[in-house]
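Structure data follow from entry_36.tsv (TSV, C-alpha atoms):
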```tsv
chain	number	residue	atom	x	y	z
A	1	ASN	CA	7.82	-1.22	8.94
A	2	GLN	CA	10.09	-3.77	7.32
A	3	GLY	CA	7.40	-6.36	6.57
A	4	ARG	CA	8.12	-8.49	9.64
A	5	ARG	CA	5.28	-10.33	11.38
A	6	THR	CA	5.89	-9.12	14.91
A	7	MET	CA	3.44	-8.31	17.70
A	8	PHE	CA	3.51	-5.77	20.51
A	9	THR	CA	1.20	-5.03	23.43
A	10	GLY	CA	1.26	-1.23	23.64
A	11	ILE	CA	2.94	-1.28	27.05
A	12	ILE	CA	5.92	1.07	26.73
A	13	GLU	CA	9.09	-0.39	28.23
A	14	HIS	CA	11.58	2.45	27.77
A	15	VAL	CA	11.70	6.08	26.72
A	16	GLY	CA	14.69	6.78	24.49
A	17	THR	CA	15.94	9.92	22.76
A	18	VAL	CA	16.96	10.66	19.21
A	19	GLU	CA	20.75	10.55	18.99
A	20	SER	CA	20.82	11.34	15.27
A	21	ILE	CA	18.78	10.98	12.11
A	22	ARG	CA	20.37	11.11	8.70
A	23	ALA	CA	19.23	10.55	5.15
A	24	ALA	CA	20.01	7.18	3.59
A	25	PRO	CA	19.55	5.89	0.02
A	26	ASP	CA	16.36	4.07	1.04
A	27	GLY	CA	14.88	6.47	3.60
A	28	ALA	CA	16.70	7.42	6.80
A	29	ARG	CA	18.83	5.87	9.52
A	30	LEU	CA	17.73	6.71	13.04
A	31	SER	CA	20.07	6.32	16.01
A	32	ILE	CA	18.33	6.08	19.38
A	33	ARG	CA	19.92	6.50	22.80
A	34	SER	CA	18.52	4.03	25.31
A	35	PRO	CA	21.04	1.91	27.24
A	36	GLU	CA	18.23	-0.30	28.56
A	37	ALA	CA	16.77	-1.12	25.14
A	38	ALA	CA	20.18	-1.30	23.45
A	39	GLY	CA	21.27	-3.92	25.96
A	40	GLU	CA	18.22	-6.10	25.25
A	41	LEU	CA	18.07	-5.82	21.46
A	42	GLY	CA	20.02	-8.18	19.27
A	43	GLU	CA	20.96	-7.52	15.66
A	44	GLY	CA	17.84	-7.96	13.52
A	45	ASP	CA	15.43	-7.77	16.46
A	46	SER	CA	12.19	-5.81	16.11
A	47	VAL	CA	11.35	-2.77	18.21
A	48	ALA	CA	8.36	-0.44	18.16
A	49	VAL	CA	9.50	3.18	17.95
A	50	ASN	CA	6.58	5.52	18.64
A	51	GLY	CA	4.42	2.58	17.62
A	52	ALA	CA	6.17	1.84	14.30
A	53	CYS	CA	7.77	-1.60	13.99
A	54	LEU	CA	11.43	-1.24	12.97
A	55	THR	CA	14.51	-3.49	12.95
A	56	LYS	CA	17.80	-2.99	14.79
A	57	VAL	CA	20.63	-2.72	12.26
A	58	GLY	CA	23.53	-1.67	14.48
A	59	GLY	CA	24.56	0.15	17.63
A	60	ASN	CA	26.51	-0.22	20.84
A	61	LYS	CA	25.84	-0.47	24.59
A	62	GLU	CA	24.26	2.99	24.75
A	63	THR	CA	22.49	3.38	21.40
A	64	PHE	CA	20.92	1.34	18.62
A	65	ALA	CA	20.18	2.15	14.99
A	66	VAL	CA	17.12	1.43	12.83
A	67	ASP	CA	16.44	2.10	9.16
A	68	VAL	CA	13.20	3.95	8.36
A	69	SER	CA	11.75	3.38	4.89
A	70	PRO	CA	10.37	6.23	2.75
A	71	GLU	CA	6.87	4.82	3.31
A	72	SER	CA	7.32	4.91	7.10
A	73	LEU	CA	8.68	8.47	6.93
A	74	LYS	CA	5.58	9.49	4.99
A	75	LYS	CA	2.97	7.58	7.03
A	76	THR	CA	4.31	8.24	10.56
A	77	ASN	CA	5.67	11.10	12.68
A	78	LEU	CA	9.22	9.69	12.50
A	79	GLY	CA	10.15	12.01	9.63
A	80	ALA	CA	9.57	15.05	11.85
A	81	LEU	CA	11.99	13.90	14.58
A	82	ARG	CA	14.90	16.05	15.71
A	83	LYS	CA	17.96	15.31	17.83
A	84	GLY	CA	17.00	15.02	21.50
A	85	ASP	CA	13.31	14.21	20.89
A	86	PRO	CA	11.92	11.55	23.25
A	87	LEU	CA	10.61	8.26	21.84
A	88	ASN	CA	8.38	5.49	23.16
A	89	LEU	CA	10.08	2.09	22.83
A	90	GLU	CA	8.68	-1.43	23.14
A	91	LEU	CA	10.48	-4.66	22.32
A	92	ALA	CA	8.59	-7.38	20.46
A	93	MET	CA	6.33	-9.61	22.51
A	94	ARG	CA	7.72	-13.07	23.26
A	95	LEU	CA	5.71	-16.29	23.31
A	96	GLY	CA	4.31	-16.68	26.80
A	97	ASP	CA	4.42	-12.95	27.69
A	98	ARG	CA	1.38	-11.38	29.35
A	99	LEU	CA	-0.75	-9.26	27.02
A	100	GLY	CA	-0.90	-6.21	29.27
A	101	GLY	CA	-2.40	-3.84	26.71
A	102	HIS	CA	-3.93	-5.10	23.44
A	103	MET	CA	-2.64	-6.67	20.22
A	104	VAL	CA	-0.55	-4.04	18.40
A	105	SER	CA	1.08	-4.86	15.05
A	106	GLY	CA	3.38	-1.85	14.75
A	107	HIS	CA	1.78	-0.94	11.41
A	108	VAL	CA	0.81	2.72	11.82
A	109	ASP	CA	-2.51	3.50	10.10
A	110	ALA	CA	-2.29	7.28	10.10
A	111	VAL	CA	-0.96	10.34	11.88
A	112	GLY	CA	-3.35	12.20	14.18
A	113	ARG	CA	-2.89	15.45	16.09
A	114	ILE	CA	-3.21	16.45	19.72
A	115	GLU	CA	-6.09	18.93	20.02
A	116	ASP	CA	-6.21	19.72	23.72
A	117	ARG	CA	-5.81	18.27	27.19
A	118	ARG	CA	-7.41	18.91	30.56
A	119	ALA	CA	-6.92	17.65	34.09
A	120	GLU	CA	-9.59	15.38	35.55
A	121	GLY	CA	-8.74	14.18	39.03
A	122	ASP	CA	-5.33	12.49	38.92
A	123	SER	CA	-5.62	11.88	35.18
A	124	GLU	CA	-5.28	13.99	32.03
A	125	ILE	CA	-7.94	13.81	29.32
A	126	VAL	CA	-6.31	14.19	25.91
A	127	ALA	CA	-8.32	14.89	22.73
A	128	ILE	CA	-6.82	13.56	19.51
A	129	GLN	CA	-8.01	14.46	16.03
A	130	ALA	CA	-7.90	11.44	13.71
A	131	PRO	CA	-8.63	10.82	10.01
A	132	PRO	CA	-11.54	8.64	8.80
A	133	GLU	CA	-9.33	5.58	8.22
A	134	VAL	CA	-8.78	5.44	11.99
A	135	MET	CA	-12.12	6.81	13.24
A	136	ARG	CA	-14.03	4.01	11.47
A	137	TYR	CA	-12.56	1.58	14.02
A	138	VAL	CA	-12.86	3.82	17.08
A	139	VAL	CA	-15.52	2.75	19.59
A	140	SER	CA	-16.14	3.95	23.12
A	141	LYS	CA	-14.21	1.80	25.64
A	142	GLY	CA	-12.32	0.20	22.76
A	143	SER	CA	-8.56	0.20	22.27
A	144	VAL	CA	-6.21	2.33	20.20
A	145	ALA	CA	-2.43	2.71	20.05
A	146	VAL	CA	-1.19	6.31	20.25
A	147	ASP	CA	2.57	6.62	19.59
A	148	GLY	CA	2.68	2.94	20.48
A	149	ILE	CA	0.80	3.32	23.80
A	150	SER	CA	-2.20	1.05	24.36
A	151	LEU	CA	-5.03	3.32	25.49
A	152	THR	CA	-8.75	2.98	26.15
A	153	ILE	CA	-11.06	5.34	24.30
A	154	ALA	CA	-13.03	7.40	26.82
A	155	GLU	CA	-15.18	9.28	24.30
A	156	ARG	CA	-15.72	9.25	20.55
A	157	GLU	CA	-16.84	12.09	18.28
A	158	THR	CA	-16.95	12.37	14.49
A	159	VAL	CA	-13.37	13.47	13.87
A	160	ARG	CA	-11.73	13.03	17.28
A	161	PHE	CA	-11.54	10.78	20.30
A	162	ARG	CA	-10.47	11.28	23.90
A	163	VAL	CA	-8.30	9.11	26.12
A	164	ALA	CA	-7.57	9.28	29.84
A	165	ILE	CA	-3.88	9.30	30.79
A	166	ILE	CA	-3.31	7.92	34.28
A	167	PRO	CA	-0.23	9.06	36.28
A	168	HIS	CA	1.69	5.83	35.58
A	169	THR	CA	1.25	6.22	31.82
A	170	ALA	CA	2.22	9.90	32.03
A	171	LEU	CA	5.42	8.96	33.89
A	172	LYS	CA	6.44	6.05	31.65
A	173	THR	CA	5.70	7.52	28.19
A	174	THR	CA	6.14	10.68	26.14
A	175	LEU	CA	2.46	11.49	25.65
A	176	LEU	CA	2.10	14.38	28.08
A	177	SER	CA	5.18	16.07	26.60
A	178	LYS	CA	3.09	16.60	23.46
A	179	LYS	CA	1.49	19.98	22.79
A	180	PRO	CA	-1.68	20.86	20.85
A	181	GLY	CA	-0.90	20.46	17.17
A	182	ASP	CA	1.81	17.84	17.68
A	183	PRO	CA	1.52	14.71	15.49
A	184	VAL	CA	1.00	11.25	16.98
A	185	ASN	CA	1.11	7.84	15.32
A	186	LEU	CA	-2.21	6.00	15.42
A	187	GLU	CA	-2.90	2.30	15.02
A	188	ALA	CA	-6.52	1.15	15.16
A	189	ASP	CA	-7.60	-2.03	16.91
A	190	LEU	CA	-6.47	-5.03	14.88
A	191	ILE	CA	-9.53	-7.09	15.81
A	192	GLY	CA	-11.83	-4.39	14.39
A	193	LYS	CA	-10.02	-4.60	11.06
A	194	TYR	CA	-10.44	-8.38	10.87
A	195	VAL	CA	-14.14	-8.14	11.76
A	196	GLU	CA	-14.66	-5.54	9.04
A	197	ARG	CA	-12.85	-7.72	6.51
A	198	LEU	CA	-14.85	-10.80	7.47
A	199	LEU	CA	-18.16	-8.97	7.02
A	200	SER	CA	-17.17	-7.21	3.81
A	201	PRO	CA	-19.27	-8.26	0.78
A	202	ASP	CA	-16.14	-8.67	-1.37
A	203	SER	CA	-14.15	-10.55	1.29
A	204	GLU	CA	-12.83	-13.95	0.22
A	205	GLY	CA	-14.31	-16.44	2.66
A	206	GLY	CA	-16.37	-13.68	4.29
A	207	THR	CA	-20.08	-13.61	5.04
A	208	GLY	CA	-21.08	-11.47	2.06
A	209	GLY	CA	-21.90	-8.56	4.33
A	210	MET	CA	-24.18	-8.16	7.36
A	211	THR	CA	-27.52	-8.63	5.61
A	212	LYS	CA	-30.97	-9.56	6.89
A	213	GLU	CA	-30.62	-12.90	5.14
A	214	PHE	CA	-27.34	-13.59	6.94
A	215	LEU	CA	-28.88	-12.77	10.34
A	216	VAL	CA	-31.94	-14.95	9.68
A	217	GLU	CA	-29.75	-17.84	8.54
A	218	HIS	CA	-27.74	-17.67	11.75
A	219	GLY	CA	-30.70	-17.28	14.08
A	220	TYR	CA	-30.36	-13.59	14.93
A	221	ALA	CA	-33.56	-12.31	13.32
```
Written as C-alpha coordinates, that's how I'd like the structure from this file.
Amino acid sequence: NQGRRTMFTGIIEHVGTVESIRAAPDGARLSIRSPEAAGELGEGDSVAVNGACLTKVGGNKETFAVDVSPESLKKTNLGALRKGDPLNLELAMRLGDRLGGHMVSGHVDAVGRIEDRRAEGDSEIVAIQAPPEVMRYVVSKGSVAVDGISLTIAERETVRFRVAIIPHTALKTTLLSKKPGDPVNLEADLIGKYVERLLSPDSEGGTGGMTKEFLVEHGYA
(Lines of atoms letter the chains of each structure in order from A and count residues from 1; the text may use other names and numbers.)
(Lines give C-alpha, C1' and ligand atoms only; values in the text may rest on other atoms or scores of the structure.)
Protein backbone atom coordinates (compact mmCIF):
# COMPACT_ATOMS: atom_id res chain seq x y z
CA ASN A 1 0.00 0.00 0.00
CA GLN A 2 1.02 3.63 0.18
CA GLY A 3 2.25 3.58 3.79
CA ARG A 4 -0.97 4.98 5.27
CA ARG A 5 -2.11 3.85 8.72
CA THR A 6 -5.65 2.85 7.86
CA MET A 7 -7.82 0.04 9.21
CA PHE A 8 -10.50 -2.11 7.64
CA THR A 9 -12.84 -4.79 8.97
CA GLY A 10 -12.94 -7.34 6.14
CA ILE A 11 -16.63 -6.70 5.49
CA ILE A 12 -16.89 -6.08 1.74
CA GLU A 13 -19.08 -3.09 0.91
CA HIS A 14 -19.08 -3.12 -2.90
CA VAL A 15 -17.97 -5.29 -5.80
CA GLY A 16 -16.42 -3.21 -8.56
CA THR A 17 -14.90 -4.12 -11.92
CA VAL A 18 -11.63 -3.24 -13.58
CA GLU A 19 -12.23 -0.40 -16.03
CA SER A 20 -8.59 -0.22 -17.12
CA ILE A 21 -5.08 -0.88 -15.90
CA ARG A 22 -2.09 0.79 -17.46
CA ALA A 23 1.60 0.97 -16.72
CA ALA A 24 2.86 4.07 -14.93
CA PRO A 25 6.40 5.26 -14.11
CA ASP A 26 6.03 3.99 -10.53
CA GLY A 27 3.93 0.86 -11.02
CA ALA A 28 0.44 0.97 -12.53
CA ARG A 29 -2.72 3.05 -12.46
CA LEU A 30 -5.89 1.06 -11.92
CA SER A 31 -9.30 2.48 -12.82
CA ILE A 32 -12.23 0.79 -11.08
CA ARG A 33 -15.90 1.04 -12.02
CA SER A 34 -18.12 1.25 -8.96
CA PRO A 35 -20.61 4.14 -8.82
CA GLU A 36 -21.36 3.37 -5.16
CA ALA A 37 -17.74 3.48 -4.01
CA ALA A 38 -16.82 6.35 -6.34
CA GLY A 39 -19.59 8.44 -4.81
CA GLU A 40 -18.30 7.84 -1.26
CA LEU A 41 -14.56 8.22 -1.84
CA GLY A 42 -12.91 11.60 -1.65
CA GLU A 43 -9.57 12.48 -3.20
CA GLY A 44 -6.82 10.91 -1.08
CA ASP A 45 -9.17 8.52 0.74
CA SER A 46 -8.08 4.95 1.39
CA VAL A 47 -9.85 1.93 -0.05
CA ALA A 48 -9.09 -1.79 0.20
CA VAL A 49 -9.02 -3.36 -3.27
CA ASN A 50 -9.00 -7.15 -2.98
CA GLY A 51 -7.63 -6.54 0.50
CA ALA A 52 -4.79 -4.20 -0.52
CA CYS A 53 -4.93 -0.68 0.93
CA LEU A 54 -4.71 1.89 -1.88
CA THR A 55 -5.42 5.62 -2.25
CA LYS A 56 -7.90 7.32 -4.57
CA VAL A 57 -6.03 9.63 -6.95
CA GLY A 58 -8.79 10.61 -9.37
CA GLY A 59 -12.03 9.56 -11.02
CA ASN A 60 -15.60 10.64 -11.64
CA LYS A 61 -19.12 9.66 -10.55
CA GLU A 62 -18.83 6.17 -12.05
CA THR A 63 -15.17 5.24 -11.58
CA PHE A 64 -12.19 5.98 -9.37
CA ALA A 65 -8.45 5.54 -9.93
CA VAL A 66 -5.71 4.21 -7.64
CA ASP A 67 -1.97 3.93 -8.13
CA VAL A 68 -0.44 0.50 -7.46
CA SER A 69 3.25 0.46 -6.50
CA PRO A 70 5.72 -2.07 -7.96
CA GLU A 71 5.88 -3.74 -4.53
CA SER A 72 2.09 -4.15 -4.43
CA LEU A 73 2.07 -5.53 -7.99
CA LYS A 74 4.66 -8.10 -6.93
CA LYS A 75 3.17 -9.06 -3.55
CA THR A 76 -0.55 -9.17 -4.49
CA ASN A 77 -2.82 -10.49 -7.24
CA LEU A 78 -3.45 -6.96 -8.57
CA GLY A 79 -0.77 -7.34 -11.25
CA ALA A 80 -2.73 -10.19 -12.85
CA LEU A 81 -5.95 -8.17 -13.26
CA ARG A 82 -7.61 -7.72 -16.64
CA LYS A 83 -10.36 -5.40 -17.85
CA GLY A 84 -13.75 -6.55 -16.55
CA ASP A 85 -12.38 -8.55 -13.60
CA PRO A 86 -14.47 -8.19 -10.41
CA LEU A 87 -12.91 -6.66 -7.28
CA ASN A 88 -13.80 -6.64 -3.60
CA LEU A 89 -13.95 -3.08 -2.25
CA GLU A 90 -14.06 -1.77 1.33
CA LEU A 91 -13.74 1.84 2.43
CA ALA A 92 -11.59 2.64 5.46
CA MET A 93 -13.18 2.14 8.86
CA ARG A 94 -14.31 5.33 10.59
CA LEU A 95 -14.02 6.04 14.30
CA GLY A 96 -17.15 4.67 15.95
CA ASP A 97 -17.93 2.08 13.23
CA ARG A 98 -18.85 -1.45 14.28
CA LEU A 99 -16.05 -3.99 13.83
CA GLY A 100 -18.13 -6.54 11.95
CA GLY A 101 -15.24 -8.77 10.87
CA HIS A 102 -11.75 -8.43 12.41
CA MET A 103 -8.93 -5.88 12.32
CA VAL A 104 -7.52 -5.81 8.78
CA SER A 105 -4.63 -3.49 7.90
CA GLY A 106 -4.74 -3.80 4.11
CA HIS A 107 -1.10 -4.97 4.08
CA VAL A 108 -1.19 -8.20 2.07
CA ASP A 109 1.23 -10.80 3.48
CA ALA A 110 1.29 -13.19 0.53
CA VAL A 111 -0.64 -14.61 -2.40
CA GLY A 112 -2.32 -17.98 -1.91
CA ARG A 113 -4.18 -20.17 -4.39
CA ILE A 114 -7.63 -21.72 -4.47
CA GLU A 115 -7.23 -25.51 -4.37
CA ASP A 116 -10.79 -26.80 -4.42
CA ARG A 117 -14.31 -26.15 -3.18
CA ARG A 118 -17.24 -28.33 -2.19
CA ALA A 119 -20.83 -27.77 -1.14
CA GLU A 120 -21.75 -28.42 2.48
CA GLY A 121 -25.36 -27.62 3.23
CA ASP A 122 -26.03 -24.02 2.21
CA SER A 123 -22.34 -23.15 2.40
CA GLU A 124 -19.28 -23.75 0.23
CA ILE A 125 -16.07 -25.07 1.78
CA VAL A 126 -13.07 -23.54 0.01
CA ALA A 127 -9.52 -24.89 0.43
CA ILE A 128 -6.73 -22.34 0.03
CA GLN A 129 -3.05 -23.18 -0.28
CA ALA A 130 -0.90 -20.66 1.60
CA PRO A 131 2.84 -20.10 2.09
CA PRO A 132 4.58 -20.51 5.48
CA GLU A 133 4.58 -16.77 6.21
CA VAL A 134 0.78 -16.95 6.41
CA MET A 135 0.32 -20.49 7.76
CA ARG A 136 2.37 -19.67 10.88
CA TYR A 137 -0.51 -17.44 12.02
CA VAL A 138 -3.36 -19.71 10.93
CA VAL A 139 -5.28 -21.35 13.79
CA SER A 140 -8.55 -23.23 13.75
CA LYS A 141 -11.49 -20.85 14.37
CA GLY A 142 -9.13 -17.90 13.96
CA SER A 143 -9.46 -15.11 11.40
CA VAL A 144 -7.87 -14.49 8.02
CA ALA A 145 -8.53 -12.00 5.22
CA VAL A 146 -8.88 -13.56 1.76
CA ASP A 147 -9.04 -10.95 -1.03
CA GLY A 148 -10.04 -8.55 1.73
CA ILE A 149 -12.87 -10.75 3.10
CA SER A 150 -12.83 -11.49 6.83
CA LEU A 151 -13.27 -15.25 7.16
CA THR A 152 -13.12 -17.81 9.95
CA ILE A 153 -10.75 -20.73 9.50
CA ALA A 154 -12.72 -23.98 9.59
CA GLU A 155 -9.75 -26.33 9.31
CA ARG A 156 -5.97 -26.03 9.23
CA GLU A 157 -3.43 -28.34 7.59
CA THR A 158 0.30 -27.93 6.99
CA VAL A 159 0.17 -25.98 3.74
CA ARG A 160 -3.52 -25.12 3.40
CA PHE A 161 -6.58 -24.01 5.30
CA ARG A 162 -10.31 -24.22 4.67
CA VAL A 163 -13.01 -21.60 5.11
CA ALA A 164 -16.79 -21.85 4.96
CA ILE A 165 -18.50 -19.38 2.62
CA ILE A 166 -22.07 -18.67 3.69
CA PRO A 167 -24.66 -17.58 1.06
CA HIS A 168 -24.48 -13.90 2.10
CA THR A 169 -20.70 -13.81 1.63
CA ALA A 170 -21.01 -15.62 -1.70
CA LEU A 171 -23.54 -13.02 -2.89
CA LYS A 172 -21.66 -9.93 -1.69
CA THR A 173 -18.07 -10.83 -2.71
CA THR A 174 -16.08 -12.28 -5.59
CA LEU A 175 -14.78 -15.38 -3.82
CA LEU A 176 -17.00 -18.01 -5.42
CA SER A 177 -16.16 -16.67 -8.89
CA LYS A 178 -12.62 -17.96 -8.29
CA LYS A 179 -11.53 -21.27 -9.82
CA PRO A 180 -8.93 -23.79 -8.61
CA GLY A 181 -5.51 -22.30 -9.27
CA ASP A 182 -6.67 -18.69 -9.07
CA PRO A 183 -4.57 -16.40 -6.83
CA VAL A 184 -6.01 -14.72 -3.74
CA ASN A 185 -4.51 -12.05 -1.49
CA LEU A 186 -3.96 -13.22 2.07
CA GLU A 187 -3.53 -11.16 5.23
CA ALA A 188 -2.92 -13.01 8.48
CA ASP A 189 -4.50 -11.97 11.76
CA LEU A 190 -2.85 -8.77 12.99
CA ILE A 191 -3.16 -9.76 16.65
CA GLY A 192 -1.20 -12.97 16.00
CA LYS A 193 1.66 -10.94 14.55
CA TYR A 194 1.82 -8.67 17.60
CA VAL A 195 1.75 -11.64 19.99
CA GLU A 196 4.60 -13.28 18.07
CA ARG A 197 6.61 -10.06 18.17
CA LEU A 198 6.01 -9.60 21.89
CA LEU A 199 7.22 -13.13 22.67
CA SER A 200 10.19 -13.04 20.32
CA PRO A 201 13.57 -13.29 22.12
CA ASP A 202 14.98 -10.39 20.09
CA SER A 203 11.91 -8.16 20.49
CA GLU A 204 12.56 -4.74 22.00
CA GLY A 205 10.42 -4.57 25.12
CA GLY A 206 9.35 -8.20 24.64
CA THR A 207 9.43 -11.05 27.14
CA GLY A 208 12.61 -12.66 25.85
CA GLY A 209 10.65 -15.62 24.51
CA MET A 210 8.20 -18.07 26.09
CA THR A 211 10.61 -19.84 28.43
CA LYS A 212 10.07 -21.93 31.56
CA GLU A 213 11.61 -19.12 33.59
CA PHE A 214 9.13 -16.62 32.15
CA LEU A 215 6.16 -18.88 32.99
CA VAL A 216 7.39 -19.50 36.54
CA GLU A 217 7.95 -15.78 37.08
CA HIS A 218 4.39 -15.02 36.03
CA GLY A 219 2.76 -17.83 37.98
CA TYR A 220 1.97 -20.21 35.13
CA ALA A 221 4.27 -23.09 36.10
For atom CA of Arg113 of chain A and atom CA of Val126 of chain A, the interatomic separation in Å (one decimal)
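Straight-line distance from atom CA of Arg113 of chain A to atom CA of Val126 of chain A works out to 10.5 Å.
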What is the atom CA of Phe8 of chain A to atom CA of His102 of chain A distance in Å?
8.0 Å
Nearest to Lys75 of chain A among A:Gly192, A:Gly51, A:Gly59, A:Gly44, with distances taken over only C-alpha atoms: which residue is it?
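Checking each candidate against Lys75 of chain A, we get A:Gly51 as the closest.
Here atom CA of Leu151 of chain A is placed at a distance of 10.4 Å from atom CA of Asp189 of chain A.
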So that I can see what lies close to segment 161-167 of chain A, please list as a ChimeraX atom specification the residues with an atom at most 6 Å from it, counting only C-alpha atoms and leaving out residues fewer than 3 positions away in the same chain.
/A:123-128,153-157,170
Just checking: using only C-alpha atoms, which residue out of A:Thr173, A:Lys74, A:Lys56, A:Gly101 ends up closest to Glu13 of chain A?
A:Thr173
Around the point (-1.7, 1.1, 17.9), in the coordinates given by the file, pick out the residues reaching within 10 Å, counting only C-alpha atoms, and return them as a PyMOL selection string.
chain A and resi 8-10+50-52+102-110+143-151+185-190
From the set A:Asn60, A:Lys83, A:Ala38, A:Leu89, which residue has the shortest atom-to-atom contact distance to Lys172 of chain A, counting all atoms listed in the file?
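Of all the options, A:Leu89 lies closest to Lys172 of chain A.
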Please determine, counting only C-alpha atoms, which residue among A:Ile12, A:Asn88, A:Arg117, A:Gly112 has the shortest atom-to-atom distance to Thr76 of chain A.
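Closest to Thr76 of chain A, using only C-alpha atoms: A:Gly112.
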Need to verify the contact set: segment 19-33 of chain A, 9 Å, only C-alpha atoms, exclusion of same-chain residues closer than 2 positions in sequence. Can you return it as a PyMOL selection string?
chain A and resi 16-17+35+37-38+58-59+62-73+79+81-85+87
Near Lys178 of chain A, counting all atoms listed in the file, which residues have an atom at most 8 Å away, once you skip same-chain residues fewer than 4 positions from it, shown as a PDB file with C-alpha atoms, keeping the file's coordinate frame?
```
ATOM      1  CA  ILE A 114      -3.210  16.450  19.720  1.00  0.00           C
ATOM      2  CA  THR A 174       6.140  10.680  26.140  1.00  0.00           C
ATOM      3  CA  ASP A 182       1.810  17.840  17.680  1.00  0.00           C
TER       4      ASP A 182
END
```
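With all atoms listed in the file as the basis for measurement, A:Asn77 is the residue among A:Ser200, A:Ser140, A:Ser34, A:Asn77 that approaches Val184 of chain A most closely.
Closest approach to Pro131 of chain A among A:Thr152, A:Ser177, A:Thr158, A:Thr169 is made by A:Thr158 (distances from all atoms listed in the file).
The point (10.6, -11.8, 20.8) has these residues within 6 Å of it when all atoms listed in the file are used: Ala92, Met93 and Arg94 of chain A.
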Hey, can you spit out that residue selection with C-alpha atoms as a PDB file, in the frame of the given file?
```pdb
ATOM      1  CA  ALA A  92       8.590  -7.380  20.460  1.00  0.00           C
ATOM      2  CA  MET A  93       6.330  -9.610  22.510  1.00  0.00           C
ATOM      3  CA  ARG A  94       7.720 -13.070  23.260  1.00  0.00           C
TER       4      ARG A  94
END
```
Would you mind putting back all heavy atoms on segment 158-169 of chain A, then writing it out as a short mmCIF file (atom, residue, chain, number, x, y, z; two decimals), in the frame of the given file?
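The new file part-v2.cif reads:
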```cif
data_model
loop_
_atom_site.label_atom_id
_atom_site.label_comp_id
_atom_site.auth_asym_id
_atom_site.auth_seq_id
_atom_site.Cartn_x
_atom_site.Cartn_y
_atom_site.Cartn_z
N THR A 158 -17.04 12.66 15.93
CA THR A 158 -16.95 12.37 14.49
C THR A 158 -15.51 12.36 13.99
O THR A 158 -15.11 11.47 13.23
CB THR A 158 -17.75 13.40 13.68
OG1 THR A 158 -19.10 13.42 14.16
CG2 THR A 158 -17.76 13.04 12.20
N VAL A 159 -14.73 13.34 14.41
CA VAL A 159 -13.37 13.47 13.87
C VAL A 159 -12.31 13.42 14.96
O VAL A 159 -11.14 13.68 14.71
CB VAL A 159 -13.20 14.77 13.06
CG1 VAL A 159 -14.12 14.77 11.86
CG2 VAL A 159 -13.44 15.99 13.94
N ARG A 160 -12.70 13.08 16.18
CA ARG A 160 -11.73 13.03 17.28
C ARG A 160 -12.17 12.00 18.31
O ARG A 160 -13.34 11.59 18.36
CB ARG A 160 -11.58 14.39 17.95
CG ARG A 160 -12.80 14.86 18.71
CD ARG A 160 -12.63 16.25 19.28
NE ARG A 160 -12.35 17.21 18.23
CZ ARG A 160 -13.29 17.74 17.43
NH1 ARG A 160 -14.56 17.38 17.56
NH2 ARG A 160 -12.96 18.62 16.51
N PHE A 161 -11.23 11.62 19.16
CA PHE A 161 -11.54 10.78 20.30
C PHE A 161 -10.74 11.28 21.49
O PHE A 161 -9.76 12.02 21.34
CB PHE A 161 -11.27 9.30 20.02
CG PHE A 161 -9.83 8.99 19.70
CD1 PHE A 161 -8.91 8.70 20.70
CD2 PHE A 161 -9.39 8.97 18.39
CE1 PHE A 161 -7.59 8.41 20.42
CE2 PHE A 161 -8.06 8.67 18.08
CZ PHE A 161 -7.17 8.39 19.10
N ARG A 162 -11.16 10.88 22.68
CA ARG A 162 -10.47 11.28 23.90
C ARG A 162 -10.01 10.05 24.67
O ARG A 162 -10.71 9.03 24.71
CB ARG A 162 -11.37 12.17 24.78
CG ARG A 162 -11.62 13.54 24.18
CD ARG A 162 -12.53 14.40 25.06
NE ARG A 162 -12.58 15.78 24.57
CZ ARG A 162 -13.34 16.20 23.57
NH1 ARG A 162 -14.15 15.34 22.95
NH2 ARG A 162 -13.33 17.45 23.18
N VAL A 163 -8.85 10.18 25.29
CA VAL A 163 -8.30 9.11 26.12
C VAL A 163 -7.90 9.69 27.46
O VAL A 163 -7.56 10.88 27.57
CB VAL A 163 -7.08 8.45 25.45
CG1 VAL A 163 -7.50 7.65 24.23
CG2 VAL A 163 -6.02 9.49 25.07
N ALA A 164 -7.97 8.87 28.49
CA ALA A 164 -7.57 9.28 29.84
C ALA A 164 -6.17 8.76 30.12
O ALA A 164 -5.89 7.57 29.96
CB ALA A 164 -8.55 8.75 30.87
N ILE A 165 -5.27 9.66 30.50
CA ILE A 165 -3.88 9.30 30.79
C ILE A 165 -3.69 9.27 32.30
O ILE A 165 -3.73 10.31 32.97
CB ILE A 165 -2.90 10.31 30.16
CG1 ILE A 165 -3.23 10.55 28.69
CG2 ILE A 165 -1.47 9.83 30.33
CD1 ILE A 165 -3.21 9.31 27.83
N ILE A 166 -3.51 8.06 32.84
CA ILE A 166 -3.31 7.92 34.28
C ILE A 166 -1.87 8.31 34.62
O ILE A 166 -1.00 8.36 33.75
CB ILE A 166 -3.63 6.49 34.75
CG1 ILE A 166 -2.68 5.49 34.09
CG2 ILE A 166 -5.09 6.14 34.45
CD1 ILE A 166 -2.83 4.07 34.63
N PRO A 167 -1.59 8.62 35.90
CA PRO A 167 -0.23 9.06 36.28
C PRO A 167 0.88 8.10 35.86
O PRO A 167 1.94 8.54 35.44
CB PRO A 167 -0.33 9.19 37.81
CG PRO A 167 -1.77 9.51 38.06
CD PRO A 167 -2.53 8.72 37.03
N HIS A 168 0.65 6.79 35.96
CA HIS A 168 1.69 5.83 35.58
C HIS A 168 2.04 5.96 34.10
O HIS A 168 3.22 5.97 33.72
CB HIS A 168 1.23 4.40 35.87
CG HIS A 168 2.22 3.35 35.46
ND1 HIS A 168 3.31 3.02 36.21
CD2 HIS A 168 2.28 2.58 34.33
CE1 HIS A 168 4.01 2.09 35.60
NE2 HIS A 168 3.42 1.81 34.45
N THR A 169 1.02 6.08 33.25
CA THR A 169 1.25 6.22 31.82
C THR A 169 1.96 7.54 31.52
O THR A 169 2.86 7.60 30.68
CB THR A 169 -0.08 6.16 31.05
OG1 THR A 169 -0.72 4.91 31.33
CG2 THR A 169 0.14 6.27 29.55
#
```
